[in-house]
file upload.tsv (TSV, C-alpha atoms)
chain	number	residue	atom	x	y	z
A	1	MET	CA	122.45	119.18	102.47
A	2	ALA	CA	118.76	120.10	102.03
A	3	ARG	CA	119.59	122.54	99.21
A	4	ASP	CA	121.42	119.75	97.38
A	5	THR	CA	118.39	117.50	97.66
A	6	GLN	CA	116.03	120.11	96.23
A	7	LEU	CA	118.31	120.85	93.30
A	8	LEU	CA	118.83	117.15	92.67
A	9	LYS	CA	115.11	116.41	92.56
A	10	GLY	CA	114.59	118.84	89.71
A	11	LEU	CA	117.63	117.68	87.83
A	12	LEU	CA	117.28	113.96	88.20
A	13	GLU	CA	114.32	113.64	85.86
A	14	GLY	CA	116.12	115.39	82.99
A	15	CYS	CA	119.32	113.47	83.65
A	16	ILE	CA	117.50	110.13	83.60
A	17	LEU	CA	115.94	111.07	80.25
A	18	ALA	CA	119.41	111.93	78.94
A	19	LEU	CA	120.81	108.60	80.16
A	20	LEU	CA	118.03	106.66	78.54
A	21	LYS	CA	118.51	108.49	75.24
A	22	ASN	CA	122.01	107.03	75.07
A	23	GLU	CA	121.23	103.58	76.43
A	24	VAL	CA	118.13	101.42	76.66
A	25	THR	CA	118.53	99.98	80.14
A	26	TYR	CA	116.96	98.76	83.40
A	27	GLY	CA	116.32	100.45	86.74
A	28	TYR	CA	119.37	99.35	88.66
A	29	ARG	CA	121.70	100.22	85.76
A	30	VAL	CA	120.22	103.75	85.79
A	31	VAL	CA	121.24	104.03	89.45
A	32	GLU	CA	124.76	102.79	88.61
A	33	LEU	CA	125.09	105.21	85.69
A	34	LEU	CA	123.95	108.15	87.81
A	35	SER	CA	126.52	107.16	90.39
A	36	SER	CA	129.26	106.85	87.73
A	37	TYR	CA	128.48	110.40	86.55
A	38	GLY	CA	129.05	111.70	90.05
A	39	PHE	CA	125.61	111.79	91.65
A	40	ARG	CA	126.25	111.12	95.30
A	41	ASP	CA	124.73	107.82	96.42
A	42	PRO	CA	121.58	107.78	94.25
A	43	GLN	CA	119.00	105.40	95.73
A	44	GLU	CA	116.69	102.99	93.98
A	45	SER	CA	113.91	104.32	96.22
A	46	THR	CA	114.30	107.70	94.52
A	47	VAL	CA	115.01	106.51	90.98
A	48	TYR	CA	112.26	103.88	90.68
A	49	PRO	CA	109.34	106.28	91.38
A	50	ILE	CA	110.84	108.72	88.83
A	51	LEU	CA	111.08	106.00	86.17
A	52	ASN	CA	107.53	104.95	86.95
A	53	ARG	CA	106.28	108.54	86.77
A	54	LEU	CA	108.04	109.19	83.45
A	55	GLU	CA	106.53	106.00	82.07
A	56	LYS	CA	103.02	106.93	83.22
A	57	LYS	CA	103.47	110.36	81.61
A	58	GLY	CA	104.32	108.62	78.33
A	59	LEU	CA	107.89	109.94	78.22
A	60	LEU	CA	109.33	106.45	78.60
A	61	LYS	CA	108.20	103.04	77.52
A	62	SER	CA	109.36	99.72	78.86
A	63	GLU	CA	109.74	96.13	77.83
A	64	LYS	CA	110.64	92.96	79.69
A	65	ARG	CA	113.88	91.23	78.80
A	66	PRO	CA	115.30	88.07	80.36
A	67	SER	CA	117.90	88.41	83.08
A	68	GLU	CA	120.52	85.84	84.04
A	69	LEU	CA	120.13	86.84	87.70
A	70	GLY	CA	116.42	86.29	88.26
A	71	PRO	CA	113.06	87.43	86.93
A	72	PRO	CA	112.89	89.37	83.62
A	73	ARG	CA	114.14	92.94	83.88
A	74	LYS	CA	112.16	95.99	82.85
A	75	TYR	CA	114.14	97.94	80.23
A	76	TYR	CA	113.25	101.58	79.74
A	77	MET	CA	113.55	103.62	76.53
A	78	LEU	CA	112.62	107.12	75.45
A	79	THR	CA	109.43	107.79	73.50
A	80	ALA	CA	108.99	110.65	71.01
A	81	GLY	CA	107.43	112.63	73.86
A	82	GLY	CA	110.46	111.83	75.99
A	83	GLU	CA	112.78	113.13	73.25
A	84	ARG	CA	110.84	116.42	73.14
A	85	GLU	CA	110.88	116.69	76.94
A	86	LEU	CA	114.64	116.10	76.96
A	87	ALA	CA	115.19	118.80	74.31
A	88	GLU	CA	113.15	121.23	76.44
A	89	PHE	CA	115.08	120.26	79.55
A	90	ARG	CA	118.42	120.84	77.78
A	91	SER	CA	117.37	124.29	76.64
A	92	GLU	CA	115.95	125.28	80.05
A	93	TRP	CA	119.03	123.95	81.81
A	94	GLU	CA	121.33	125.88	79.46
A	95	ASN	CA	119.48	129.13	80.22
A	96	LEU	CA	119.48	128.45	83.95
A	97	LYS	CA	123.16	127.58	83.93
A	98	GLN	CA	124.12	130.75	82.02
A	99	THR	CA	122.03	132.90	84.36
A	100	ALA	CA	123.48	131.25	87.46
A	101	ASP	CA	127.05	131.49	86.08
A	102	LYS	CA	126.60	135.22	85.39
A	103	LEU	CA	125.19	135.78	88.85
A	104	LEU	CA	127.87	133.81	90.63
A	105	GLU	CA	130.65	135.68	88.78
A	106	VAL	CA	129.44	139.01	90.22
B	107	MET	CA	105.84	78.46	109.86
B	108	LYS	CA	109.43	77.84	110.96
B	109	ASN	CA	111.14	79.36	107.94
B	110	MET	CA	108.82	82.36	107.90
B	111	THR	CA	109.80	85.83	109.00
B	112	LYS	CA	108.45	87.43	112.16
B	113	GLN	CA	106.26	89.68	110.01
B	114	SER	CA	104.70	86.71	108.16
B	115	ARG	CA	104.01	84.83	111.36
B	116	TRP	CA	102.43	87.91	112.85
B	117	VAL	CA	100.13	88.35	109.81
B	118	ILE	CA	99.08	84.68	109.96
B	119	TYR	CA	98.37	84.82	113.72
B	120	THR	CA	96.36	87.99	113.17
B	121	SER	CA	94.28	86.37	110.44
B	122	LEU	CA	93.71	83.37	112.75
B	123	PHE	CA	92.54	85.70	115.52
B	124	VAL	CA	90.16	87.65	113.26
B	125	SER	CA	88.83	84.48	111.68
B	126	GLY	CA	88.32	82.91	115.14
B	127	ALA	CA	86.46	86.01	116.33
B	128	VAL	CA	84.20	85.93	113.26
B	129	ILE	CA	83.43	82.21	113.72
B	130	PHE	CA	82.80	82.67	117.44
B	131	THR	CA	80.33	85.55	116.97
B	132	THR	CA	78.66	83.71	114.08
B	133	LEU	CA	78.09	80.65	116.25
B	134	LEU	CA	76.86	82.83	119.11
B	135	TYR	CA	74.36	84.45	116.76
B	136	PHE	CA	73.34	81.05	115.38
B	137	PHE	CA	72.55	79.59	118.78
B	138	SER	CA	70.60	82.65	119.82
B	139	ALA	CA	68.63	82.87	116.55
B	140	LYS	CA	68.09	79.22	115.65
B	141	ASP	CA	64.52	79.18	116.92
B	142	THR	CA	63.46	82.08	114.70
B	143	SER	CA	61.70	81.65	111.38
B	144	GLU	CA	64.82	82.52	109.38
B	145	VAL	CA	65.04	79.29	107.39
B	146	ASN	CA	68.22	80.17	105.50
B	147	ILE	CA	70.19	81.07	108.60
B	148	VAL	CA	72.13	77.77	108.64
B	149	TRP	CA	73.39	78.27	105.11
B	150	ILE	CA	74.37	81.87	105.80
B	151	MET	CA	76.28	80.79	108.91
B	152	ILE	CA	78.04	78.00	107.01
B	153	ALA	CA	78.99	80.48	104.26
B	154	ILE	CA	80.41	83.00	106.78
B	155	ILE	CA	82.42	80.31	108.59
B	156	ALA	CA	83.72	78.94	105.27
B	157	VAL	CA	84.82	82.42	104.18
B	158	ALA	CA	86.55	82.99	107.54
B	159	LEU	CA	88.45	79.69	107.28
B	160	LEU	CA	89.26	80.26	103.62
B	161	SER	CA	90.71	83.70	104.37
B	162	VAL	CA	93.22	82.13	106.81
B	163	ILE	CA	94.25	79.61	104.16
B	164	VAL	CA	94.59	82.40	101.56
B	165	VAL	CA	96.79	84.46	103.93
B	166	PHE	CA	98.99	81.42	104.67
B	167	VAL	CA	99.37	80.45	100.99
B	168	THR	CA	100.03	84.08	99.97
B	169	ARG	CA	102.84	84.42	102.51
B	170	LYS	CA	104.38	81.12	101.40
B	171	LYS	CA	104.11	82.18	97.77
B	172	MET	CA	105.75	85.51	98.52
B	173	ARG	CA	108.79	83.75	99.97
B	174	THR	CA	108.99	81.37	97.01
B	175	LYS	CA	108.70	84.23	94.52
B	176	ALA	CA	111.42	86.17	96.28
B	177	LYS	CA	113.63	83.14	97.04
B	178	LEU	CA	116.65	84.83	95.46
B	179	LEU	CA	116.60	87.58	98.09
B	180	ASN	CA	118.65	87.23	101.24
B	181	GLU	CA	117.07	87.79	104.67
B	182	ASP	CA	117.92	91.51	104.74
B	183	PHE	CA	116.35	92.25	101.35
B	184	PHE	CA	113.41	89.89	101.87
B	185	THR	CA	112.46	91.64	105.11
B	186	ALA	CA	112.40	94.97	103.24
B	187	TYR	CA	110.53	93.42	100.30
B	188	GLU	CA	107.93	91.93	102.63
B	189	ALA	CA	107.49	95.20	104.54
B	190	ILE	CA	107.00	97.12	101.26
B	191	SER	CA	104.50	94.51	100.09
B	192	ASP	CA	102.48	94.82	103.32
B	193	SER	CA	102.70	98.59	103.23
B	194	MET	CA	101.43	98.54	99.62
B	195	GLU	CA	98.31	96.73	100.86
B	196	GLY	CA	97.43	99.88	102.78
B	197	SER	CA	97.98	102.14	99.79
B	198	VAL	CA	95.34	103.32	97.34
B	199	LEU	CA	97.03	101.46	94.47
B	200	GLY	CA	94.93	99.00	92.51
B	201	PHE	CA	95.57	95.25	92.41
B	202	PHE	CA	97.51	95.25	89.13
B	203	GLU	CA	99.50	98.35	90.07
B	204	LYS	CA	100.62	96.67	93.30
B	205	LYS	CA	101.53	93.52	91.40
B	206	GLU	CA	103.49	95.47	88.78
B	207	THR	CA	105.32	97.48	91.46
B	208	MET	CA	106.26	94.44	93.52
B	209	ARG	CA	107.58	92.69	90.40
B	210	ASP	CA	109.73	95.73	89.57
B	211	ILE	CA	110.97	96.03	93.15
B	212	LEU	CA	111.94	92.35	93.22
B	213	GLY	CA	114.05	92.85	90.08
B	214	LEU	CA	115.65	96.00	91.53
B	215	PHE	CA	116.44	94.26	94.82
B	216	ILE	CA	118.01	91.24	93.12
B	217	ASP	CA	120.28	93.50	91.06
B	218	ALA	CA	121.20	95.60	94.10
B	219	GLN	CA	121.88	92.51	96.22
B	220	ASN	CA	124.17	91.08	93.56
B	221	SER	CA	126.07	94.37	93.48
B	222	GLY	CA	126.78	94.05	97.19
B	223	ARG	CA	124.47	96.84	98.37
B	224	SER	CA	122.37	96.57	101.53
B	225	ALA	CA	118.59	96.86	101.70
B	226	GLU	CA	118.93	100.05	103.71
B	227	GLN	CA	121.13	101.66	101.05
B	228	VAL	CA	118.52	100.80	98.43
B	229	THR	CA	115.42	101.96	100.28
B	230	GLY	CA	117.00	104.87	102.11
B	231	GLY	CA	115.84	103.25	105.35
B	232	ASN	CA	112.39	104.79	105.11
B	233	LEU	CA	110.00	102.28	103.55
B	234	ASN	CA	106.88	104.39	104.16
B	235	GLU	CA	108.38	107.29	102.25
B	236	PHE	CA	109.31	104.93	99.42
B	237	VAL	CA	105.74	103.57	99.22
B	238	ARG	CA	104.37	107.13	99.27
B	239	ARG	CA	106.62	108.11	96.35
B	240	VAL	CA	105.57	105.05	94.36
B	241	GLN	CA	101.92	105.86	95.05
B	242	ASP	CA	102.45	109.46	93.89
B	243	SER	CA	104.18	108.24	90.73
B	244	PHE	CA	100.96	106.46	89.77
B	245	GLY	CA	99.04	109.74	90.06
B	246	TYR	CA	97.46	109.18	93.49
B	247	ARG	CA	98.54	112.51	94.94
B	248	ASN	CA	95.29	113.74	96.52
B	249	ARG	CA	94.94	110.96	99.06
B	250	PHE	CA	92.07	112.58	100.98
B	251	LEU	CA	89.89	112.73	97.87
B	252	PHE	CA	90.79	109.18	96.88
B	253	THR	CA	89.96	107.99	100.39
B	254	LEU	CA	86.60	109.75	100.27
B	255	LEU	CA	85.76	108.29	96.86
B	256	SER	CA	86.85	104.82	98.02
B	257	GLY	CA	84.57	105.28	101.04
B	258	ILE	CA	81.62	105.89	98.69
B	259	GLU	CA	82.48	102.71	96.78
B	260	TYR	CA	82.77	100.63	99.96
B	261	ALA	CA	79.50	102.10	101.28
B	262	VAL	CA	77.59	101.23	98.09
B	263	MET	CA	79.05	97.71	98.07
B	264	TYR	CA	78.11	97.21	101.73
B	265	LEU	CA	74.54	98.36	101.07
B	266	PHE	CA	74.32	95.77	98.29
B	267	MET	CA	75.75	93.05	100.53
B	268	VAL	CA	73.37	93.83	103.40
B	269	GLN	CA	70.39	93.92	101.05
B	270	ILE	CA	71.42	90.54	99.59
B	271	TYR	CA	71.94	89.14	103.11
B	272	GLU	CA	68.50	90.32	104.19
B	273	TRP	CA	66.96	88.86	101.04
B	274	VAL	CA	68.62	85.44	101.48
B	275	ARG	CA	67.83	85.38	105.21
B	276	GLY	CA	64.15	86.23	104.73
B	277	SER	CA	61.72	83.36	105.08
B	278	GLU	CA	58.61	85.03	103.77
B	279	GLY	CA	59.43	84.66	100.10
B	280	LEU	CA	60.05	88.38	99.69
B	281	GLY	CA	61.74	89.60	96.54
B	282	PHE	CA	65.16	91.28	96.54
B	283	PHE	CA	63.70	94.81	96.31
B	284	GLU	CA	61.22	94.14	99.16
B	285	SER	CA	63.91	93.14	101.66
B	286	LYS	CA	64.26	95.80	104.37
B	287	PRO	CA	67.46	95.99	106.42
B	288	GLY	CA	66.78	99.44	107.98
B	289	TYR	CA	68.90	102.11	109.68
B	290	SER	CA	70.77	99.99	112.20
B	291	MET	CA	73.11	98.52	109.59
B	292	ILE	CA	73.74	101.93	108.04
B	293	ILE	CA	75.08	103.40	111.27
B	294	LEU	CA	77.52	100.50	111.48
B	295	LEU	CA	78.60	100.31	107.85
B	296	LEU	CA	79.07	103.99	107.02
B	297	PRO	CA	81.63	104.58	109.80
B	298	ILE	CA	83.45	101.44	108.62
B	299	ALA	CA	83.48	102.67	105.00
B	300	PHE	CA	84.52	106.27	105.69
B	301	ILE	CA	86.52	106.02	108.94
B	302	GLY	CA	87.37	102.38	109.68
B	303	ILE	CA	88.86	101.33	106.35
B	304	PRO	CA	90.86	104.55	105.73
B	305	LEU	CA	92.32	104.35	109.25
B	306	MET	CA	92.95	100.63	108.90
B	307	LYS	CA	94.83	101.25	105.63
B	308	TYR	CA	96.77	104.08	107.24
B	309	PHE	CA	97.95	101.77	110.03
B	310	ILE	CA	98.75	98.97	107.59
B	311	ARG	CA	100.91	101.45	105.62
B	312	LYS	CA	102.67	102.32	108.85
B	313	GLN	CA	103.06	98.60	109.66
B	314	LYS	CA	101.01	98.92	112.85
B	315	MET	CA	98.79	95.87	112.54
B	316	VAL	CA	97.47	95.97	116.11
B	317	PHE	CA	96.04	99.44	115.50
B	318	ALA	CA	94.70	98.36	112.10
B	319	ILE	CA	92.60	95.61	113.68
B	320	GLY	CA	91.89	97.72	116.75
B	321	VAL	CA	90.18	100.41	114.67
B	322	VAL	CA	87.63	97.99	113.22
B	323	LEU	CA	87.04	96.30	116.58
B	324	LEU	CA	86.60	99.73	118.17
B	325	ILE	CA	83.96	100.72	115.61
B	326	PHE	CA	82.06	97.48	116.30
B	327	ALA	CA	82.37	98.04	120.06
B	328	VAL	CA	81.17	101.65	119.81
B	329	ASN	CA	78.26	100.52	117.65
B	330	VAL	CA	77.22	97.78	120.10
B	331	ALA	CA	77.54	100.18	123.04
B	332	PHE	CA	75.53	102.86	121.23
B	333	MET	CA	72.76	100.42	120.30
B	334	GLU	CA	72.59	98.92	123.81
B	335	ILE	CA	72.66	102.23	125.67
B	336	THR	CA	70.15	103.95	123.41
B	337	TYR	CA	67.84	100.90	123.48
B	338	THR	CA	67.84	100.83	127.26
B	339	ASN	CA	67.66	104.55	127.97
B	340	PHE	CA	66.64	106.66	125.00
B	341	MET	CA	63.88	104.89	123.10
B	342	HIS	CA	61.52	107.76	123.88
B	343	ILE	CA	63.51	109.95	121.47
B	344	GLU	CA	61.98	109.75	118.00
B	345	TRP	CA	65.15	109.36	115.88
B	346	ILE	CA	66.67	106.82	118.30
B	347	ARG	CA	63.48	104.76	118.08
B	348	GLN	CA	63.64	104.98	114.28
B	349	ILE	CA	67.20	103.66	114.24
B	350	HIS	CA	66.17	100.65	116.30
B	351	GLN	CA	62.80	99.87	114.81
B	352	ASP	CA	62.30	101.35	111.35
B	353	VAL	CA	63.18	99.16	108.41
B	354	PHE	CA	63.37	100.12	104.76
B	355	SER	CA	64.85	98.82	101.56
B	356	TYR	CA	68.18	100.27	100.40
B	357	ILE	CA	67.38	99.23	96.86
B	358	PRO	CA	63.58	99.40	96.56
B	359	GLY	CA	63.43	99.05	92.76
B	360	TRP	CA	65.25	98.99	89.44
B	361	GLY	CA	65.59	102.78	89.46
B	362	PHE	CA	67.52	102.69	92.75
B	363	LEU	CA	69.61	99.78	91.54
B	364	VAL	CA	70.67	101.84	88.52
B	365	LEU	CA	71.22	104.91	90.74
B	366	TRP	CA	73.56	103.04	93.12
B	367	LEU	CA	75.45	101.52	90.20
B	368	CYS	CA	75.79	105.00	88.65
B	369	ILE	CA	77.19	106.35	91.93
B	370	LEU	CA	79.68	103.47	92.01
B	371	ALA	CA	80.68	103.99	88.37
B	372	GLY	CA	80.81	107.78	88.92
B	373	SER	CA	83.22	107.41	91.81
B	374	ILE	CA	85.50	105.10	89.80
B	375	GLY	CA	85.29	107.51	86.83
B	376	ILE	CA	86.18	110.57	88.96
B	377	LYS	CA	89.17	108.71	90.40
B	378	TRP	CA	90.35	107.86	86.90
B	379	LEU	CA	89.99	111.50	85.78
B	380	ILE	CA	91.85	112.87	88.83
B	381	ARG	CA	94.69	110.43	88.24
B	382	LYS	CA	94.87	111.32	84.55
B	383	LYS	CA	95.09	115.03	85.38
B	384	SER	CA	97.59	114.36	88.14
B	385	ILE	CA	99.87	112.36	85.81
B	386	GLU	CA	99.71	115.14	83.19
B	387	LYS	CA	100.78	117.70	85.82
B	388	MET	CA	103.63	115.60	87.29
call {"tool": "encode", "arguments": {"input": "upload.tsv", "output": "C-alpha cells"}}
result
Amino acid sequence: MARDTQLLKGLLEGCILALLKNEVTYGYRVVELLSSYGFRDPQESTVYPILNRLEKKGLLKSEKRPSELGPPRKYYMLTAGGERELAEFRSEWENLKQTADKLLEV
Amino acid sequence: MKNMTKQSRWVIYTSLFVSGAVIFTTLLYFFSAKDTSEVNIVWIMIAIIAVALLSVIVVFVTRKKMRTKAKLLNEDFFTAYEAISDSMEGSVLGFFEKKETMRDILGLFIDAQNSGRSAEQVTGGNLNEFVRRVQDSFGYRNRFLFTLLSGIEYAVMYLFMVQIYEWVRGSEGLGFFESKPGYSMIILLLPIAFIGIPLMKYFIRKQKMVFAIGVVLLIFAVNVAFMEITYTNFMHIEWIRQIHQDVFSYIPGWGFLVLWLCILAGSIGIKWLIRKKSIEKM
C-alpha cells in the first residue's frame, strides 16, 4: 500500500539506528533483523542507500571485517551523533504515537 | 568471449565499433592532410590510433576483471551486478564512490545469494531506481546543477585539449599561447560537453547503449552538416564567415590559463559545497 511505503520510509532510518545501537553488524544482517522484527519484505535496495546516507551524515561509521563467504564485510556502528539522533527519534516517535493513539481512539 | 554475458559482449562490440570509427576517420584525415605542412601530424595520428586500440583492450580487461571479482555470484546475481555497474557509469558519482558502492553491493549480493534470495528480491526489480537512491545517498540530489557544472568542467578540459592539439600540430614553431584553434571547434565541443555527455550518461543509466552512442554520433553529424551547408550557402553572413575562418587562442596567456583553472576549480568547489549541504539536509 502506498501509505505503508511512505510511513515506512520515515521510520526505517530511526529503526536502523536502533538496531545498530544494539548490534554492530553488516548490511545484509540489518535486512534480516528488520524482517525478523516484522517489517514486510525489506529490500537491500532500500536499506543500503539508507545505511550509506547515515554514514555520510556522520551518524554511522563503518569498518571492514573478514567474511567466510567472500570479500570483507562492511560493519556499521553508531557514532555519538547517531546516538543523539536516535534519542531524538525515540522522543519524536513517542509523541507521534501518543497523538495518533489519542486520535484513533476518538 | 564465450563465458561472458550478453551485456559484456555488447559493451565490447560497441567499443570495437567506436574504436574502428575513430581509426577510420583518423586515417581518412591523414591521407587527405599528409601533403600539408603539419609536420607532427603522423605522431598525432599514431597517438589517436593507439588510444583507440588501448580503449578496446581496457574495456575487454575491465569486463574480464569484473567477472573474476564477482566469481562467487551466480548468473542471476551477476547479471544484476553487471547492470548496476554499467548504470553507475552513467551516474554523477566519482570514481572512488563507484568503486566503494560496487564493493558494498558485491558483499550484499553474496550474503543474499547464500540466504537463498533472488536478485529481483534484493534489488526490487528496478535497478535504475536503486542506482538513483544510491546516488542521492551520496548527496547528488540536484542532478541538473551537477550536470551543468560537469559540463563546464568538460568544456574547459576540451578547450585545453584542443589548444594542446593545435600547438603540437603546428609546424611554425609557435608557442602554446600563440596556437589558434578558432570558433569551429567550440561549436562542436560545447554541445558535446553540455548536451552530448549528459544525454549519453542518461542513456547509459537507462542501459540504452545504442542511444548513448547515437547521441554523440548525431552531434558530430549535425556539426558536419552545419559546417558544410553554411560553407556552401551562407558565407556571405558575417558570423557564419567568422565561424569558418576566424581563429583565436583559447588560452592566449598566463592570465587566461589561471582563469580557466580557476573556473575548473570553482566548479569542483561548488559541487563539493552543494553535496555537503545536501548531506546535512538529508
call {"tool": "residues_around", "arguments": {"input": "upload.tsv", "residues": "region 111-128 of chain B", "least_positions_apart": "4", "cutoff": "8 Å", "atoms": "only C-alpha atoms", "output": "number ranges by chain"}}
result
B: 107, 132, 155, 158-159, 161-162, 165-166, 169, 185, 188-189
call {"tool": "atom_distance", "arguments": {"input": "upload.tsv", "atom1": "CA of Met306 (chain B)", "atom2": "CA of Ser355 (chain B)"}}
result
29.1 Å
call {"tool": "atom_distance", "arguments": {"input": "upload.tsv", "atom1": "CA of Arg347 (chain B)", "atom2": "CA of Arg275 (chain B)"}}
result
23.7 Å
call {"tool": "residues_around", "arguments": {"input": "upload.tsv", "residues": "Leu59 (chain A)", "least_positions_apart": "2", "cutoff": "10 Å", "atoms": "only C-alpha atoms", "output": "mmCIF file with C-alpha atoms, in the frame of the given file"}}
result
data_model
loop_
_atom_site.group_PDB
_atom_site.id
_atom_site.type_symbol
_atom_site.label_atom_id
_atom_site.label_comp_id
_atom_site.auth_asym_id
_atom_site.auth_seq_id
_atom_site.Cartn_x
_atom_site.Cartn_y
_atom_site.Cartn_z
ATOM 1 C CA LEU A 17 115.940 111.070 80.250
ATOM 2 C CA LEU A 51 111.080 106.000 86.170
ATOM 3 C CA ARG A 53 106.280 108.540 86.770
ATOM 4 C CA LEU A 54 108.040 109.190 83.450
ATOM 5 C CA GLU A 55 106.530 106.000 82.070
ATOM 6 C CA LYS A 56 103.020 106.930 83.220
ATOM 7 C CA LYS A 57 103.470 110.360 81.610
ATOM 8 C CA LYS A 61 108.200 103.040 77.520
ATOM 9 C CA MET A 77 113.550 103.620 76.530
ATOM 10 C CA LEU A 78 112.620 107.120 75.450
ATOM 11 C CA THR A 79 109.430 107.790 73.500
ATOM 12 C CA ALA A 80 108.990 110.650 71.010
ATOM 13 C CA GLY A 81 107.430 112.630 73.860
ATOM 14 C CA GLY A 82 110.460 111.830 75.990
ATOM 15 C CA GLU A 83 112.780 113.130 73.250
ATOM 16 C CA ARG A 84 110.840 116.420 73.140
ATOM 17 C CA GLU A 85 110.880 116.690 76.940
ATOM 18 C CA LEU A 86 114.640 116.100 76.960
#
call {"tool": "atom_distance", "arguments": {"input": "upload.tsv", "atom1": "CA of Pro287 (chain B)", "atom2": "CA of Val353 (chain B)"}}
result
5.7 Å
call {"tool": "residues_near_point", "arguments": {"input": "upload.tsv", "point": "(83.6, 93.5, 118.5)", "cutoff": "12 Å", "atoms": "only C-alpha atoms", "output": "MDAnalysis selection string"}}
result
chainID B and resid 124 127:128 130:132 294 319:331
call {"tool": "interface_residues", "arguments": {"input": "upload.tsv", "of": "chain A", "to": "chain B", "cutoff": "6 Å", "atoms": "all atoms listed in the file", "output": "list in words"}}
result
Tyr28, Gln43, Glu44, Ser45, Pro49, Arg53 and Lys57 of chain A
call {"tool": "residues_around", "arguments": {"input": "upload.tsv", "residues": "Tyr26 (chain A)", "least_positions_apart": "5", "cutoff": "9 Å", "atoms": "all atoms listed in the file", "output": "PyMOL selection string"}}
result
(chain A and resi 62+73-76) or (chain B and resi 214)
call {"tool": "build_atoms", "arguments": {"input": "upload.tsv", "residues": "region 58-70 of chain A", "atoms": "N, CA and C atoms", "output": "CSV table (one decimal), keeping the file's coordinate frame"}}
result
chain,number,residue,atom,x,y,z
A,58,GLY,N,104.1,109.0,79.7
A,58,GLY,CA,104.3,108.6,78.3
A,58,GLY,C,105.7,109.1,77.8
A,59,LEU,N,106.6,109.5,78.7
A,59,LEU,CA,107.9,109.9,78.2
A,59,LEU,C,108.9,108.8,78.1
A,60,LEU,N,108.5,107.7,78.7
A,60,LEU,CA,109.3,106.4,78.6
A,60,LEU,C,108.4,105.3,78.3
A,61,LYS,N,109.0,104.3,77.6
A,61,LYS,CA,108.2,103.0,77.5
A,61,LYS,C,109.1,101.9,78.0
A,62,SER,N,108.5,100.8,78.3
A,62,SER,CA,109.4,99.7,78.9
A,62,SER,C,109.0,98.4,78.2
A,63,GLU,N,110.0,97.5,78.3
A,63,GLU,CA,109.7,96.1,77.8
A,63,GLU,C,110.5,95.2,78.7
A,64,LYS,N,110.0,94.0,78.8
A,64,LYS,CA,110.6,93.0,79.7
A,64,LYS,C,111.7,92.2,78.9
A,65,ARG,N,112.9,92.0,79.5
A,65,ARG,CA,113.9,91.2,78.8
A,65,ARG,C,114.4,90.2,79.8
A,66,PRO,N,114.8,89.0,79.4
A,66,PRO,CA,115.3,88.1,80.4
A,66,PRO,C,116.6,88.5,81.1
A,67,SER,N,116.7,88.1,82.3
A,67,SER,CA,117.9,88.4,83.1
A,67,SER,C,118.5,87.1,83.6
A,68,GLU,N,119.9,87.1,83.6
A,68,GLU,CA,120.5,85.8,84.0
A,68,GLU,C,120.5,85.7,85.6
A,69,LEU,N,120.1,86.8,86.2
A,69,LEU,CA,120.1,86.8,87.7
A,69,LEU,C,118.8,86.4,88.4
A,70,GLY,N,117.7,86.6,87.6
A,70,GLY,CA,116.4,86.3,88.3
A,70,GLY,C,115.3,86.5,87.3
